[in-house]
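Note sheet for the following structure.
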Amino acid sequence: MKKLIAFAGIAVLASSVFAQKVLKVGATPEPHAEILNLVKEDLAAKGIDLQVVEFTDYVTPNDAVEAGDIDANYFQHIPYLESFNKEKGYHLVNAAGIHVEPVAFYSSKIKKLDDLKKKDTVAIPNDPTNEGRALLLLQEAGLITLKEGVGITATPLDIKKNPKKLKFKEIEAASLPRVLDDVDGAVINGNYAIPAGLSAKKDGLFVEGSSSPYVNVIAVKAGNESKEEIKFLIEAVKSDKIKKYISERYPNGEVVAVF
């Protein structure tokens with residue numbers, strides 16, 4: 001009888017383990033995947049097996065969510081999400097805003113912006129919203145002036161004034177840290193600057209303000225934002241534990257929690 005009871009207990013335990021719902025979330029490595037990995041146990045306690053799928057580009061994680069290959073992703077800001085939906089006809093929505101990664105201008109050749117010379121080359125991201133974001137940063141820094149009314153969709157063709165006649169090299173965002181030594185400066189997104197050992201506060205010659213509208217979000221396909229497992233994910237990521245982790249891991253403001 002004892003053996004039967006023991007076997008029944010094991011069976012119940014096993015069924016509870018195998019009954020865990022799998023939740024696949026795509027993310028770029030740092031800080032997104034790191035943050036997600038910190039909440040795996042929290043979600044396991046709620047019967048959810050969080051599987052973090054790492055991506056190193058900005059396109060395939062959105063393709064994967066739209067196709068249903070993964071349940072959510074965590075890597076992009078709202079303007080990029082909206083632009084991607086418009087361009088591809090996708091149905092991705094912002095389930096929750098988590099943090100901001102200030103974009104900054106970096107250089108391995110000069111110590112301050114005034115040191116830029118005429119016809120120097122500046123590398124910027126080549127995807128639509130991040131390119132516009134980079135050009136807006138350069139305008140804020142006083143290096144260029146954009147045409148009236150252009151915003152996050154700005155391209156080098158929208159530059160009205162360029163006193164130093166700077167040349168712009170449009171490069172995939174992930175590759176920008178690798179080309180830093182080959183150009184005179186580059187505007188680099190936080191999630192690619194951080195793994196390259198670059199700190200916006202310490203190394204950035206000009207840094208985006210803290211009021212940035214470019215909040216990084218957890219994105220899902222429309223209709224899935226109300227799913228229980230997505231709500232549990234958001235609850236776990238927007239916890240005091242994660243806020244503390246962000247403040248301790250990035251004391252120089254490379255990542256700023258917005259919850």
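Each chain in the structure tokens gets a letter, A, B, ..., in the order shown, and its residues are numbered from 1; ligands are numbered from 1 in order too.
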_Residues near Ala123 (chain A), anyone? I mean within 10 Å using only C-alpha atoms, not counting same-chain ones fewer than 3 positions away, as a list in words._
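The neighbour list is Phe105, Tyr106, Asn126, Glu131, Ala134, Lys167, Phe168, Lys169, Glu170, Ile171, Glu172, Ala173, Leu176, Pro177, Val179, Leu180, Asp182, Val183, Asp184, Gly185, Ala186, Val187 and Ile188 of chain A.
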*In region 3-97 of chain A, what's helix (DSSP H, G or I) per DSSP? Answer as a ChimeraX atom specification?*
/A:3-18,29-38,40-44,60-67,78-88
*Please identify which residues in region 14-254 of chain A DSSP calls strand (DSSP E or B) from the backbone, and express them as a ChimeraX atom specification.*
/A:21-27,48-54,72-77,92-100,104-106,121-125,145-146,159-161,167-171,185-188,206-207,215-221
*Can you pull out every residue within 10 Å of Leu166 (chain A), counting only C-alpha atoms, but drop anything in the same chain fewer than 3 positions away, and send it as a list in words?*
Leu116, Lys117, Lys118, Lys119, Asp120, Thr121, Val122, Leu143, Ile144, Asn162, Pro163, Lys169 and Asp184 of chain A
*8 Å contact set for Asp71 (chain A), only C-alpha atoms, chain neighbours under 6 positions out, as a PyMOL selection string*: chain A and resi 23-25+65+220-221
*How many Å separate CA of Thr129 (chain A) from CA of Asn216 (chain A)?*
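Atom-to-atom, CA of Thr129 (chain A) to CA of Asn216 (chain A), that is 13.2 Å.
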*So which one's closest to Asp49 (chain A), A:Ser239, A:Gln20, A:Thr28, A:Gln76? Using only C-alpha atoms, please.*
A:Gln20
*Non-local contacts of Ala72 (chain A) (12 Å; only C-alpha atoms; under 2 positions in same chain excluded) as a PyMOL selection string*: chain A and resi 22-27+36+50-54+61-70+74-76+92-96+217-225+227+229-231+233-234
With N, CA and C atoms retained, write the just-selected residues as a tab-separated table (two decimals), in the first residue's frame.
chain	number	residue	atom	x	y	z
A	22	VAL	N	5.04	25.90	-22.05
A	22	VAL	CA	6.26	26.47	-22.61
A	22	VAL	C	5.96	27.88	-23.14
A	23	LEU	N	6.80	28.81	-22.77
A	23	LEU	CA	6.68	30.19	-23.24
A	23	LEU	C	8.01	30.57	-23.88
A	24	LYS	N	8.01	30.73	-25.21
A	24	LYS	CA	9.23	31.08	-25.93
A	24	LYS	C	9.28	32.58	-26.18
A	25	VAL	N	10.36	33.20	-25.72
A	25	VAL	CA	10.51	34.65	-25.87
A	25	VAL	C	11.86	34.95	-26.53
A	26	GLY	N	11.82	35.66	-27.64
A	26	GLY	CA	13.04	36.03	-28.34
A	26	GLY	C	13.64	37.29	-27.75
A	27	ALA	N	14.97	37.39	-27.76
A	27	ALA	CA	15.63	38.56	-27.18
A	27	ALA	C	17.04	38.70	-27.73
A	36	LEU	N	15.56	38.36	-18.90
A	36	LEU	CA	14.60	37.25	-18.99
A	36	LEU	C	15.08	36.02	-18.23
A	50	LEU	N	9.86	29.09	-19.18
A	50	LEU	CA	10.33	30.19	-20.02
A	50	LEU	C	11.58	29.77	-20.78
A	51	GLN	N	11.48	29.79	-22.09
A	51	GLN	CA	12.61	29.47	-22.96
A	51	GLN	C	13.04	30.73	-23.70
A	52	VAL	N	14.25	31.18	-23.41
A	52	VAL	CA	14.77	32.41	-24.01
A	52	VAL	C	15.51	32.07	-25.29
A	53	VAL	N	15.04	32.60	-26.40
A	53	VAL	CA	15.64	32.35	-27.72
A	53	VAL	C	16.41	33.61	-28.12
A	54	GLU	N	17.73	33.50	-28.23
A	54	GLU	CA	18.55	34.68	-28.52
A	54	GLU	C	18.66	34.96	-30.02
A	61	PRO	N	13.45	38.27	-34.97
A	61	PRO	CA	12.58	38.08	-33.80
A	61	PRO	C	11.15	38.55	-34.04
A	62	ASN	N	10.97	39.56	-34.89
A	62	ASN	CA	9.62	39.99	-35.23
A	62	ASN	C	8.96	39.02	-36.20
A	63	ASP	N	9.75	38.53	-37.16
A	63	ASP	CA	9.22	37.51	-38.08
A	63	ASP	C	8.73	36.29	-37.29
A	64	ALA	N	9.51	35.90	-36.29
A	64	ALA	CA	9.19	34.70	-35.50
A	64	ALA	C	7.92	34.87	-34.69
A	65	VAL	N	7.69	36.06	-34.14
A	65	VAL	CA	6.46	36.30	-33.38
A	65	VAL	C	5.25	36.31	-34.32
A	66	GLU	N	5.38	36.99	-35.44
A	66	GLU	CA	4.28	37.06	-36.40
A	66	GLU	C	3.91	35.67	-36.91
A	67	ALA	N	4.93	34.83	-37.13
A	67	ALA	CA	4.70	33.47	-37.65
A	67	ALA	C	4.21	32.51	-36.57
A	68	GLY	N	4.33	32.91	-35.31
A	68	GLY	CA	3.92	32.03	-34.22
A	68	GLY	C	5.00	31.06	-33.78
A	69	ASP	N	6.22	31.25	-34.26
A	69	ASP	CA	7.32	30.37	-33.87
A	69	ASP	C	7.76	30.63	-32.43
A	70	ILE	N	7.60	31.88	-31.98
A	70	ILE	CA	7.84	32.22	-30.58
A	70	ILE	C	6.64	33.03	-30.10
A	74	TYR	N	11.55	40.58	-26.87
A	74	TYR	CA	11.94	41.69	-26.00
A	74	TYR	C	13.28	42.20	-26.50
A	75	PHE	N	13.24	43.26	-27.33
A	75	PHE	CA	14.49	43.79	-27.89
A	75	PHE	C	14.32	45.18	-28.48
A	76	GLN	N	13.08	45.57	-28.80
A	76	GLN	CA	12.86	46.75	-29.64
A	76	GLN	C	12.11	47.86	-28.91
A	92	LEU	N	1.97	43.14	-34.64
A	92	LEU	CA	2.64	43.09	-33.35
A	92	LEU	C	2.20	44.26	-32.47
A	93	VAL	N	2.07	44.00	-31.18
A	93	VAL	CA	1.64	45.05	-30.26
A	93	VAL	C	2.56	45.12	-29.05
A	94	ASN	N	2.58	46.29	-28.44
A	94	ASN	CA	3.36	46.52	-27.23
A	94	ASN	C	2.58	45.98	-26.04
A	95	ALA	N	3.12	44.94	-25.39
A	95	ALA	CA	2.46	44.37	-24.22
A	95	ALA	C	2.88	45.06	-22.94
A	96	ALA	N	4.09	45.64	-22.92
A	96	ALA	CA	4.58	46.35	-21.73
A	96	ALA	C	5.90	47.03	-22.02
A	217	VAL	N	10.24	47.35	-25.31
A	217	VAL	CA	8.99	46.71	-24.89
A	217	VAL	C	9.02	45.19	-25.09
A	218	ILE	N	8.12	44.53	-24.39
A	218	ILE	CA	7.81	43.13	-24.68
A	218	ILE	C	6.69	43.16	-25.72
A	219	ALA	N	6.95	42.57	-26.87
A	219	ALA	CA	6.00	42.60	-27.97
A	219	ALA	C	5.40	41.22	-28.23
A	220	VAL	N	4.12	41.20	-28.56
A	220	VAL	CA	3.42	39.95	-28.88
A	220	VAL	C	2.56	40.20	-30.11
A	221	LYS	N	2.01	39.13	-30.65
A	221	LYS	CA	1.07	39.28	-31.75
A	221	LYS	C	-0.26	39.75	-31.18
A	222	ALA	N	-0.94	40.65	-31.88
A	222	ALA	CA	-2.19	41.22	-31.40
A	222	ALA	C	-3.15	40.12	-30.96
A	223	GLY	N	-3.72	40.28	-29.77
A	223	GLY	CA	-4.65	39.31	-29.23
A	223	GLY	C	-4.03	38.44	-28.16
A	224	ASN	N	-2.69	38.34	-28.19
A	224	ASN	CA	-2.00	37.48	-27.21
A	224	ASN	C	-1.57	38.23	-25.95
A	225	GLU	N	-1.74	39.56	-25.97
A	225	GLU	CA	-1.30	40.34	-24.81
A	225	GLU	C	-2.12	40.03	-23.55
A	227	LYS	N	-3.11	36.95	-22.71
A	227	LYS	CA	-2.87	35.58	-22.26
A	227	LYS	C	-2.22	35.57	-20.87
A	229	GLU	N	-0.02	33.63	-19.46
A	229	GLU	CA	1.42	33.47	-19.37
A	229	GLU	C	2.17	34.75	-19.74
A	230	ILE	N	1.59	35.55	-20.64
A	230	ILE	CA	2.20	36.83	-20.99
A	230	ILE	C	2.07	37.80	-19.82
A	231	LYS	N	0.94	37.79	-19.17
A	231	LYS	CA	0.74	38.65	-18.00
A	231	LYS	C	1.71	38.28	-16.88
A	233	LEU	N	4.63	36.88	-17.33
A	233	LEU	CA	5.96	37.31	-17.79
A	233	LEU	C	6.18	38.79	-17.48
A	234	ILE	N	5.21	39.60	-17.81
A	234	ILE	CA	5.32	41.04	-17.58
A	234	ILE	C	5.44	41.34	-16.08
*Could you state the separation of CA of Gly132 (chain A) and CA of Tyr214 (chain A) in Å, given to one decimal place?*
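A separation of 11.8 Å between them.
Interatomic distance, CA of Asn191 (chain A) to CA of Pro79 (chain A): 16.1 Å.
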For Pro102 (chain A), work out the shell of residues within 12 Å, counting only C-alpha atoms and skipping chain neighbours fewer than 6 positions away, then give it as a PDB file with N, CA, C and O atoms, in the first residue's frame.
ATOM      1  N   HIS A  77      12.258  49.067 -29.469  1.00  0.00           N
ATOM      2  CA  HIS A  77      11.503  50.186 -28.928  1.00  0.00           C
ATOM      3  C   HIS A  77      10.237  50.401 -29.758  1.00  0.00           C
ATOM      4  O   HIS A  77      10.056  49.825 -30.836  1.00  0.00           O
ATOM      5  N   ASN A 130      15.946  53.575 -36.264  1.00  0.00           N
ATOM      6  CA  ASN A 130      17.203  53.836 -35.563  1.00  0.00           C
ATOM      7  C   ASN A 130      18.102  54.799 -36.344  1.00  0.00           C
ATOM      8  O   ASN A 130      18.889  55.532 -35.755  1.00  0.00           O
ATOM      9  N   ARG A 133      16.644  58.091 -35.470  1.00  0.00           N
ATOM     10  CA  ARG A 133      17.007  58.375 -34.078  1.00  0.00           C
ATOM     11  C   ARG A 133      18.443  58.882 -33.989  1.00  0.00           C
ATOM     12  O   ARG A 133      18.747  59.834 -33.261  1.00  0.00           O
ATOM     13  N   ALA A 134      19.340  58.254 -34.747  1.00  0.00           N
ATOM     14  CA  ALA A 134      20.748  58.659 -34.753  1.00  0.00           C
ATOM     15  C   ALA A 134      20.914  60.067 -35.318  1.00  0.00           C
ATOM     16  O   ALA A 134      21.669  60.885 -34.775  1.00  0.00           O
ATOM     17  N   LEU A 137      19.826  62.604 -32.887  1.00  0.00           N
ATOM     18  CA  LEU A 137      20.854  62.794 -31.857  1.00  0.00           C
ATOM     19  C   LEU A 137      21.948  63.725 -32.362  1.00  0.00           C
ATOM     20  O   LEU A 137      22.390  64.632 -31.641  1.00  0.00           O
ATOM     21  N   VAL A 187      27.075  56.288 -34.081  1.00  0.00           N
ATOM     22  CA  VAL A 187      25.938  56.325 -33.156  1.00  0.00           C
ATOM     23  C   VAL A 187      25.495  54.883 -32.964  1.00  0.00           C
ATOM     24  O   VAL A 187      25.094  54.216 -33.922  1.00  0.00           O
ATOM     25  N   ILE A 188      25.590  54.405 -31.723  1.00  0.00           N
ATOM     26  CA  ILE A 188      25.362  52.986 -31.443  1.00  0.00           C
ATOM     27  C   ILE A 188      24.252  52.796 -30.420  1.00  0.00           C
ATOM     28  O   ILE A 188      24.224  53.460 -29.377  1.00  0.00           O
ATOM     29  N   ASN A 189      23.367  51.851 -30.710  1.00  0.00           N
ATOM     30  CA  ASN A 189      22.291  51.498 -29.779  1.00  0.00           C
ATOM     31  C   ASN A 189      22.856  50.815 -28.541  1.00  0.00           C
ATOM     32  O   ASN A 189      23.840  50.085 -28.615  1.00  0.00           O
ATOM     33  N   GLY A 190      22.187  51.017 -27.414  1.00  0.00           N
ATOM     34  CA  GLY A 190      22.664  50.482 -26.148  1.00  0.00           C
ATOM     35  C   GLY A 190      22.866  48.987 -26.117  1.00  0.00           C
ATOM     36  O   GLY A 190      23.848  48.494 -25.557  1.00  0.00           O
ATOM     37  N   ASN A 191      21.916  48.229 -26.713  1.00  0.00           N
ATOM     38  CA  ASN A 191      22.031  46.778 -26.597  1.00  0.00           C
ATOM     39  C   ASN A 191      23.158  46.194 -27.442  1.00  0.00           C
ATOM     40  O   ASN A 191      23.482  45.019 -27.319  1.00  0.00           O
ATOM     41  N   TYR A 192      23.783  47.008 -28.299  1.00  0.00           N
ATOM     42  CA  TYR A 192      24.981  46.578 -29.006  1.00  0.00           C
ATOM     43  C   TYR A 192      26.235  47.236 -28.428  1.00  0.00           C
ATOM     44  O   TYR A 192      27.329  46.677 -28.502  1.00  0.00           O
ATOM     45  N   ALA A 193      26.062  48.412 -27.839  1.00  0.00           N
ATOM     46  CA  ALA A 193      27.203  49.090 -27.216  1.00  0.00           C
ATOM     47  C   ALA A 193      27.642  48.360 -25.947  1.00  0.00           C
ATOM     48  O   ALA A 193      28.838  48.173 -25.698  1.00  0.00           O
ATOM     49  N   ILE A 194      26.670  47.930 -25.153  1.00  0.00           N
ATOM     50  CA  ILE A 194      26.972  47.306 -23.857  1.00  0.00           C
ATOM     51  C   ILE A 194      27.847  46.055 -23.998  1.00  0.00           C
ATOM     52  O   ILE A 194      28.889  45.944 -23.342  1.00  0.00           O
ATOM     53  N   LEU A 198      31.117  49.292 -24.134  1.00  0.00           N
ATOM     54  CA  LEU A 198      30.952  50.738 -24.214  1.00  0.00           C
ATOM     55  C   LEU A 198      29.885  51.213 -23.235  1.00  0.00           C
ATOM     56  O   LEU A 198      28.783  50.664 -23.192  1.00  0.00           O
ATOM     57  N   SER A 199      30.192  52.218 -22.472  1.00  0.00           N
ATOM     58  CA  SER A 199      29.257  52.815 -21.526  1.00  0.00           C
ATOM     59  C   SER A 199      28.844  54.181 -22.039  1.00  0.00           C
ATOM     60  O   SER A 199      29.697  55.030 -22.315  1.00  0.00           O
ATOM     61  N   ALA A 200      27.535  54.384 -22.174  1.00  0.00           N
ATOM     62  CA  ALA A 200      27.048  55.664 -22.683  1.00  0.00           C
ATOM     63  C   ALA A 200      27.561  56.821 -21.827  1.00  0.00           C
ATOM     64  O   ALA A 200      28.012  57.841 -22.339  1.00  0.00           O
ATOM     65  N   LYS A 201      27.508  56.648 -20.514  1.00  0.00           N
ATOM     66  CA  LYS A 201      27.901  57.729 -19.605  1.00  0.00           C
ATOM     67  C   LYS A 201      29.413  57.967 -19.620  1.00  0.00           C
ATOM     68  O   LYS A 201      29.875  59.108 -19.626  1.00  0.00           O
ATOM     69  N   GLY A 204      30.420  57.719 -24.121  1.00  0.00           N
ATOM     70  CA  GLY A 204      29.661  58.480 -25.102  1.00  0.00           C
ATOM     71  C   GLY A 204      30.083  59.938 -25.130  1.00  0.00           C
ATOM     72  O   GLY A 204      30.198  60.579 -24.086  1.00  0.00           O
ATOM     73  N   PHE A 206      28.291  62.131 -26.785  1.00  0.00           N
ATOM     74  CA  PHE A 206      26.995  62.805 -26.690  1.00  0.00           C
ATOM     75  C   PHE A 206      25.941  61.730 -26.491  1.00  0.00           C
ATOM     76  O   PHE A 206      25.896  60.757 -27.240  1.00  0.00           O
ATOM     77  N   VAL A 207      25.110  61.904 -25.470  1.00  0.00           N
ATOM     78  CA  VAL A 207      24.160  60.853 -25.077  1.00  0.00           C
ATOM     79  C   VAL A 207      22.726  61.360 -25.149  1.00  0.00           C
ATOM     80  O   VAL A 207      22.443  62.500 -24.760  1.00  0.00           O
ATOM     81  N   GLU A 208      21.852  60.507 -25.636  1.00  0.00           N
ATOM     82  CA  GLU A 208      20.427  60.801 -25.696  1.00  0.00           C
ATOM     83  C   GLU A 208      19.895  61.111 -24.296  1.00  0.00           C
ATOM     84  O   GLU A 208      20.306  60.499 -23.321  1.00  0.00           O
ATOM     85  N   GLY A 209      18.967  62.043 -24.213  1.00  0.00           N
ATOM     86  CA  GLY A 209      18.414  62.430 -22.921  1.00  0.00           C
ATOM     87  C   GLY A 209      17.567  61.352 -22.285  1.00  0.00           C
ATOM     88  O   GLY A 209      17.060  60.440 -22.954  1.00  0.00           O
ATOM     89  N   SER A 210      17.368  61.439 -20.974  1.00  0.00           N
ATOM     90  CA  SER A 210      16.618  60.431 -20.227  1.00  0.00           C
ATOM     91  C   SER A 210      15.126  60.451 -20.532  1.00  0.00           C
ATOM     92  O   SER A 210      14.390  59.543 -20.159  1.00  0.00           O
ATOM     93  N   SER A 211      14.654  61.508 -21.219  1.00  0.00           N
ATOM     94  CA  SER A 211      13.229  61.596 -21.569  1.00  0.00           C
ATOM     95  C   SER A 211      12.936  60.900 -22.898  1.00  0.00           C
ATOM     96  O   SER A 211      11.888  61.109 -23.498  1.00  0.00           O
ATOM     97  N   SER A 212      13.831  60.071 -23.331  1.00  0.00           N
ATOM     98  CA  SER A 212      13.704  59.379 -24.613  1.00  0.00           C
ATOM     99  C   SER A 212      12.365  58.652 -24.749  1.00  0.00           C
ATOM    100  O   SER A 212      11.906  57.987 -23.821  1.00  0.00           O
ATOM    101  N   PRO A 213      11.725  58.760 -25.923  1.00  0.00           N
ATOM    102  CA  PRO A 213      10.482  58.028 -26.177  1.00  0.00           C
ATOM    103  C   PRO A 213      10.733  56.598 -26.642  1.00  0.00           C
ATOM    104  O   PRO A 213       9.791  55.858 -26.905  1.00  0.00           O
ATOM    105  N   TYR A 214      12.010  56.214 -26.711  1.00  0.00           N
ATOM    106  CA  TYR A 214      12.348  54.909 -27.273  1.00  0.00           C
ATOM    107  C   TYR A 214      12.388  53.831 -26.192  1.00  0.00           C
ATOM    108  O   TYR A 214      13.428  53.231 -25.909  1.00  0.00           O
ATOM    109  N   VAL A 215      11.245  53.561 -25.611  1.00  0.00           N
ATOM    110  CA  VAL A 215      11.141  52.557 -24.552  1.00  0.00           C
ATOM    111  C   VAL A 215      11.175  51.159 -25.161  1.00  0.00           C
ATOM    112  O   VAL A 215      10.444  50.858 -26.109  1.00  0.00           O
ATOM    113  N   ASN A 216      12.018  50.297 -24.618  1.00  0.00           N
ATOM    114  CA  ASN A 216      12.080  48.900 -25.072  1.00  0.00           C
ATOM    115  C   ASN A 216      10.909  48.129 -24.472  1.00  0.00           C
ATOM    116  O   ASN A 216      10.636  48.236 -23.270  1.00  0.00           O
ATOM    117  N   TYR A 250      23.775  48.355 -14.218  1.00  0.00           N
ATOM    118  CA  TYR A 250      24.072  49.473 -15.112  1.00  0.00           C
ATOM    119  C   TYR A 250      24.030  50.791 -14.325  1.00  0.00           C
ATOM    120  O   TYR A 250      23.162  51.645 -14.547  1.00  0.00           O
ATOM    121  N   ASN A 252      25.762  53.330 -14.518  1.00  0.00           N
ATOM    122  CA  ASN A 252      26.091  54.514 -15.297  1.00  0.00           C
ATOM    123  C   ASN A 252      24.990  54.919 -16.264  1.00  0.00           C
ATOM    124  O   ASN A 252      25.189  55.746 -17.151  1.00  0.00           O
ATOM    125  N   GLY A 253      23.818  54.301 -16.110  1.00  0.00           N
ATOM    126  CA  GLY A 253      22.675  54.706 -16.911  1.00  0.00           C
ATOM    127  C   GLY A 253      22.615  54.151 -18.314  1.00  0.00           C
ATOM    128  O   GLY A 253      21.886  54.673 -19.156  1.00  0.00           O
ATOM    129  N   GLU A 254      23.359  53.071 -18.598  1.00  0.00           N
ATOM    130  CA  GLU A 254      23.293  52.461 -19.921  1.00  0.00           C
ATOM    131  C   GLU A 254      21.907  51.857 -20.173  1.00  0.00           C
ATOM    132  O   GLU A 254      21.448  51.759 -21.303  1.00  0.00           O
ATOM    133  N   VAL A 255      21.271  51.419 -19.088  1.00  0.00           N
ATOM    134  CA  VAL A 255      19.903  50.892 -19.137  1.00  0.00           C
ATOM    135  C   VAL A 255      19.140  51.536 -17.990  1.00  0.00           C
ATOM    136  O   VAL A 255      19.632  51.583 -16.860  1.00  0.00           O
ATOM    137  N   VAL A 256      17.941  52.048 -18.293  1.00  0.00           N
ATOM    138  CA  VAL A 256      17.143  52.731 -17.268  1.00  0.00           C
ATOM    139  C   VAL A 256      15.739  52.123 -17.240  1.00  0.00           C
ATOM    140  O   VAL A 256      15.033  52.140 -18.256  1.00  0.00           O
ATOM    141  N   ALA A 257      15.345  51.562 -16.090  1.00  0.00           N
ATOM    142  CA  ALA A 257      14.005  50.983 -15.950  1.00  0.00           C
ATOM    143  C   ALA A 257      12.953  52.090 -16.017  1.00  0.00           C
ATOM    144  O   ALA A 257      13.174  53.192 -15.507  1.00  0.00           O
TER     145      ALA A 257
END
*Which polymer residues have any atom within 9 Å of an atom of Val39 (chain A), counting only C-alpha atoms, with same-chain residues fewer than 4 positions away left out, as a PyMOL selection string?*
chain A and resi 35+43-44+50+233+236-237+242
